[in-house]
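In what follows, a single structure is set out as structure tokens and then discussed.
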Amino acid sequence: MGGFFGVTSRNNCVRDLFFGTDYQSHLGTQRGGMAVINQNKFTRHIHDITNAQFRSKFDDNVKNMEGNSGIGVISDYEDQPVLVASHLGTYAIVTVGVIQNAGDLAKKAFSRKHTHFAEIVRNEVNPTELVATLINEEDSFAAGIERAQSAIEGSCSMLVLTDDGIYAARDRMGRTPIIIGRKDGSFAATSETCAFANLDYVTDKFLGPGEVVLITSDGMSQIRPAHDYMQICAFLWVYYGYPASAYENINVEITRNRCGAALARNDSHKVDLVAGIPDSGTAHALGYAIEAGVPYRRPFVKYTPTWPRSFMPQAQEIRDLVARMKLIPIPELIKGKRLMFCEDSIVRGTQLQDIVQRIFDYGAEEVHMRPACPPLVYGCKFLNFSRSKSILDLAARKAIKEIEGNENTSTPEIYADASSDKYHEMVERIRKRLKLTSLQYQKLDDLVTAIGLPKSKLCTYCWDGCEG
Ligand code: SF4
């Protein structure tokens, strides 16, 4: 998915930029980058962070960087920030999102003959460079950003670092957040508010969908107002987001507690302890335990000294191996026990299958699973949510394929309807494959209530196929 941080200050901004970008690390897997501007000169560094932390890769660079304004990004695929020399001036840009019509937009650009793209990623045009090309078609940054936002299908939030300050533009439907923070002499823009607290920023504004602002060290000015219509990704609260962050002024940890409590209210199983699959299941499990009045325990602990990152290497076998090595069981909390696990979601289910088997191998009597969101029936097309190449990798789709006898169900909506027989048949197939004692998913209404926004303002596509 990716996350970014930008800061503009009366003083050298590099320390805030470095740590602010580092606090986006849970959102991306492959590339980290920072650019600063110092008296009209740009300095930029980009590193591969696939097997290393952002901080370790940029430690040396930071010593040689200086400037009052800068942007940084943790990116899933492409090299960013992109530095652009254009008729608008030289600028740097970072983006978050997915451009579904990137191929068409690139073709259109080529048809104008003078356009070329210098940054190729996996044989495709670098999406951030593509956005820059769209911006360059207009006479001002404000008009260029507007052009890019309206041409892009999918989602694209961006920060544009210019001589005049940093433009922060949230994607048209507001699927990804941008939050503005301030402290004396500095303004910052971030994907995650967890970046603010330790850098002494206070949240100034949650940008609305499609809203564009320009921040300078002196303040913030609105370039384009927000649209009324929003489709913010509900998965941010369930899984992606960091517990200390808030979007639309709604904290992640507390929302997860409410998700767990809702799961508990719908449950009648008697268990000895409640646990979360670390890390993102933890807050859901705490909410469940408190609501159910059952002790919260940690039958698995995560080995954090060498496995601190939440994402995994590219190859599935290595990811599965890493997932296994990260979690260490505590047999005393497992043997003879009835365990209730909360998990953020079940995507493919393969790692969960291994965990469940291990819990039974350690002598558990019962293993129950409560995902904090409904079954994932549709693949996300708005963000880089999953590494899966095929929708059939989803545990729910595998179960549907078994039931239907072919890959292409024409009625996925029946399986997304928790009151249908097909839904229950699908859940039962997943339960059996994972060898769980019981499996009960969160109901979509309860998830929406736990978040606290009207459903019409949330993207829930991956659960119900609703495009808003
Ligand atoms: S489809 Fe799912 S993961 Fe993608 S933006 Fe919507 S809620 Fe988020």
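Naming works like this for the structure tokens: A, B, ... for the chains as they're shown, residue 1 at the start of each chain, ligands 1 onward in shown order.
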
Leaving out A:Phe187 and any residue of its chain fewer than 3 positions from it, which residues lie within 8 Å of it when counting only C-alpha atoms, given as a ChimeraX atom specification?
/A:7-9,180-183,215-220

Helix (DSSP H, G or I) residues, from DSSP on the backbone, in stretch 79-302 of chain A, as a PyMOL selection string
chain A and resi 102-111+127-135+141-151+193-195+197-199+235-240+252-265+282-292

Which residues form the shell of 10 Å around ligand 1 when you count only C-alpha atoms and all ligand atoms, given as a ChimeraX atom specification?
/A:1,97-98,154-155,173-176,231-240,376-386,458-468

Residue set, stretch 12-208 of chain A restricted to strand (DSSP E or B), as a ChimeraX atom specification:
/A:31-38,41-48,69-75,82-86,89-99,120-121,124-125,154-162,165-169,179-183,186-190,202-206

For the residues in the current selection, export C-alpha atoms as a PDB file, in the first residue's frame.
ATOM      1  CA  ARG A  31      11.383   0.892  -1.312  1.00  0.00           C
ATOM      2  CA  GLY A  32      12.092   3.791   0.988  1.00  0.00           C
ATOM      3  CA  GLY A  33      12.934   7.271  -0.229  1.00  0.00           C
ATOM      4  CA  MET A  34      13.416  10.844   0.938  1.00  0.00           C
ATOM      5  CA  ALA A  35      13.963  14.151  -0.831  1.00  0.00           C
ATOM      6  CA  VAL A  36      14.740  17.560   0.675  1.00  0.00           C
ATOM      7  CA  ILE A  37      14.959  20.984  -0.866  1.00  0.00           C
ATOM      8  CA  ASN A  38      17.599  23.439   0.302  1.00  0.00           C
ATOM      9  CA  LYS A  41      18.550  22.429  -4.663  1.00  0.00           C
ATOM     10  CA  PHE A  42      17.132  18.960  -4.206  1.00  0.00           C
ATOM     11  CA  THR A  43      18.820  16.017  -2.508  1.00  0.00           C
ATOM     12  CA  ARG A  44      17.225  12.619  -2.880  1.00  0.00           C
ATOM     13  CA  HIS A  45      17.990   9.099  -1.677  1.00  0.00           C
ATOM     14  CA  ILE A  46      16.140   5.855  -2.433  1.00  0.00           C
ATOM     15  CA  HIS A  47      16.964   2.414  -1.041  1.00  0.00           C
ATOM     16  CA  ASP A  48      15.720  -1.138  -1.322  1.00  0.00           C
ATOM     17  CA  SER A  69      11.236  21.068   3.424  1.00  0.00           C
ATOM     18  CA  GLY A  70      11.195  17.416   2.521  1.00  0.00           C
ATOM     19  CA  ILE A  71       9.046  14.410   1.635  1.00  0.00           C
ATOM     20  CA  GLY A  72       9.589  10.725   2.341  1.00  0.00           C
ATOM     21  CA  VAL A  73       7.851   7.511   1.416  1.00  0.00           C
ATOM     22  CA  ILE A  74       7.687   3.817   2.144  1.00  0.00           C
ATOM     23  CA  SER A  75       6.623   2.233  -1.114  1.00  0.00           C
ATOM     24  CA  VAL A  82      10.544  11.046  -8.340  1.00  0.00           C
ATOM     25  CA  LEU A  83      12.471  14.249  -9.103  1.00  0.00           C
ATOM     26  CA  VAL A  84      11.032  16.207 -12.006  1.00  0.00           C
ATOM     27  CA  ALA A  85      12.368  19.141 -13.996  1.00  0.00           C
ATOM     28  CA  SER A  86       9.405  20.775 -15.736  1.00  0.00           C
ATOM     29  CA  GLY A  89       9.906  24.242 -11.935  1.00  0.00           C
ATOM     30  CA  THR A  90      11.837  21.385 -10.376  1.00  0.00           C
ATOM     31  CA  TYR A  91       9.869  19.372  -7.846  1.00  0.00           C
ATOM     32  CA  ALA A  92       9.733  16.022  -6.062  1.00  0.00           C
ATOM     33  CA  ILE A  93       6.664  13.828  -5.779  1.00  0.00           C
ATOM     34  CA  VAL A  94       5.548  10.768  -3.793  1.00  0.00           C
ATOM     35  CA  THR A  95       2.278   8.869  -4.238  1.00  0.00           C
ATOM     36  CA  VAL A  96       0.221   6.180  -2.499  1.00  0.00           C
ATOM     37  CA  GLY A  97      -2.471   4.110  -4.206  1.00  0.00           C
ATOM     38  CA  VAL A  98      -3.171   2.135  -7.360  1.00  0.00           C
ATOM     39  CA  ILE A  99      -3.658   3.579 -10.848  1.00  0.00           C
ATOM     40  CA  ILE A 120      10.597   1.781 -15.443  1.00  0.00           C
ATOM     41  CA  VAL A 121       9.505  -0.657 -12.734  1.00  0.00           C
ATOM     42  CA  GLU A 124       5.971  -0.842 -16.576  1.00  0.00           C
ATOM     43  CA  VAL A 125       5.913   2.904 -16.258  1.00  0.00           C
ATOM     44  CA  GLY A 154      -8.274   3.740  -8.715  1.00  0.00           C
ATOM     45  CA  SER A 155      -6.756   5.877  -5.998  1.00  0.00           C
ATOM     46  CA  CYS A 156      -3.822   8.245  -5.731  1.00  0.00           C
ATOM     47  CA  SER A 157      -2.873  10.447  -2.807  1.00  0.00           C
ATOM     48  CA  MET A 158       0.273  12.501  -3.208  1.00  0.00           C
ATOM     49  CA  LEU A 159       2.739  14.965  -1.744  1.00  0.00           C
ATOM     50  CA  VAL A 160       4.453  17.376  -4.122  1.00  0.00           C
ATOM     51  CA  LEU A 161       7.538  19.168  -2.819  1.00  0.00           C
ATOM     52  CA  THR A 162       8.067  22.524  -4.544  1.00  0.00           C
ATOM     53  CA  GLY A 165       5.900  24.501  -0.095  1.00  0.00           C
ATOM     54  CA  ILE A 166       4.374  21.017  -0.100  1.00  0.00           C
ATOM     55  CA  TYR A 167       1.114  20.249  -1.872  1.00  0.00           C
ATOM     56  CA  ALA A 168      -0.791  17.507  -0.054  1.00  0.00           C
ATOM     57  CA  ALA A 169      -3.564  15.997  -2.183  1.00  0.00           C
ATOM     58  CA  ILE A 179      -3.495  14.214   7.993  1.00  0.00           C
ATOM     59  CA  ILE A 180      -1.884  17.608   8.577  1.00  0.00           C
ATOM     60  CA  GLY A 181       0.019  18.252  11.795  1.00  0.00           C
ATOM     61  CA  ARG A 182       1.688  21.338  13.183  1.00  0.00           C
ATOM     62  CA  LYS A 183       4.134  22.490  15.813  1.00  0.00           C
ATOM     63  CA  SER A 186       6.644  23.491  11.195  1.00  0.00           C
ATOM     64  CA  PHE A 187       3.795  21.821   9.326  1.00  0.00           C
ATOM     65  CA  ALA A 188       3.694  18.156   8.354  1.00  0.00           C
ATOM     66  CA  ALA A 189       1.521  15.883   6.234  1.00  0.00           C
ATOM     67  CA  THR A 190       1.318  12.155   6.928  1.00  0.00           C
ATOM     68  CA  VAL A 202      -0.480  17.961  17.008  1.00  0.00           C
ATOM     69  CA  THR A 203      -3.108  17.019  14.481  1.00  0.00           C
ATOM     70  CA  ASP A 204      -4.348  20.119  12.713  1.00  0.00           C
ATOM     71  CA  LYS A 205      -6.639  18.710  10.008  1.00  0.00           C
ATOM     72  CA  PHE A 206      -7.843  15.441   8.540  1.00  0.00           C
TER      73      PHE A 206
END

As a PyMOL selection string, please: the residues near stretch 22-29 of chain A (cut-off 10 Å, only C-alpha atoms, same-chain neighbours under 6 positions excluded).
chain A and resi 1-5+16+48-55+58+72-77+190-196+240-242+308-314+384-385

Please identify all polymer residues within 12 Å of A:Thr449, counting only C-alpha atoms, omitting same-chain residues fewer than 4 positions from it, and present them as a ChimeraX atom specification.
/A:234,255-256,258-259,261-262,373,442-445,453-455,458

Skipping near chain neighbours, those fewer than 6 positions away, what residues fall within 10 Å of A:Tyr441 using only C-alpha atoms, listed as a PyMOL selection string?
chain A and resi 263+266+342-343+345-346+369-375+418+427

Compare A:Phe18, A:Gly287, A:Asp200, A:Pro329 by their minimum atom-to-atom distance to A:Tyr303, counting only C-alpha atoms, and give me the closest one.
A:Pro329

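Residue nearest A:Gly293 within the list A:Ala226, A:Leu105, A:Leu273, A:Leu434: A:Leu273 [criterion: smallest interatomic distance, only C-alpha atoms].
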
Best match for closeness to A:Asn12 among A:Ser268, A:Gln357, A:Asn64, A:Thr304, counting only C-alpha atoms:
A:Asn64

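Nearest residue to A:Ala364, choosing from A:Pro127, A:Gly67, A:Gly281, A:Gly336 and counting only C-alpha atoms: A:Gly336.
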
Can you work out which one of A:Val294, A:Ala289, A:Ala315, A:Leu207 has the shortest atom-to-atom distance to A:Ser221, counting only C-alpha atoms?
A:Leu207

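Checking A:Asp79, A:Ser410, A:Ile451, A:Gln440 one by one against A:Ala246, counting only C-alpha atoms, you find the shortest gap at A:Ile451.
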
Can you tell me, as a list of chain:residue names, what residues are no more than 9 Å from A:Gln351 when counting only C-alpha atoms, ignoring any on the same chain fewer than 3 positions away?
A:Asp320, A:Ala323, A:Arg324, A:Arg348, A:Asp354, A:Ile355, A:Val356

Select from stretch 210-257 of chain A every residue with an atom at most 10 Å from any atom of stretch 139-143 of chain A, then for each give the shortest pair of atoms and their distance in Å to one decimal, using only C-alpha atoms, rows by chain and rising number, as a tab-separated table.
residue	atom	partner	partner_atom	distance
A:Val212	CA	A:Ala142	CA	8.0
A:Val213	CA	A:Ala142	CA	9.1
A:Leu214	CA	A:Ala142	CA	9.3
A:Ile223	CA	A:Ala142	CA	6.7
A:Arg224	CA	A:Ala142	CA	8.0

So how many Å separate atom CA of A:Arg112 and atom CA of A:Thr133, to one decimal?
11.6 Å
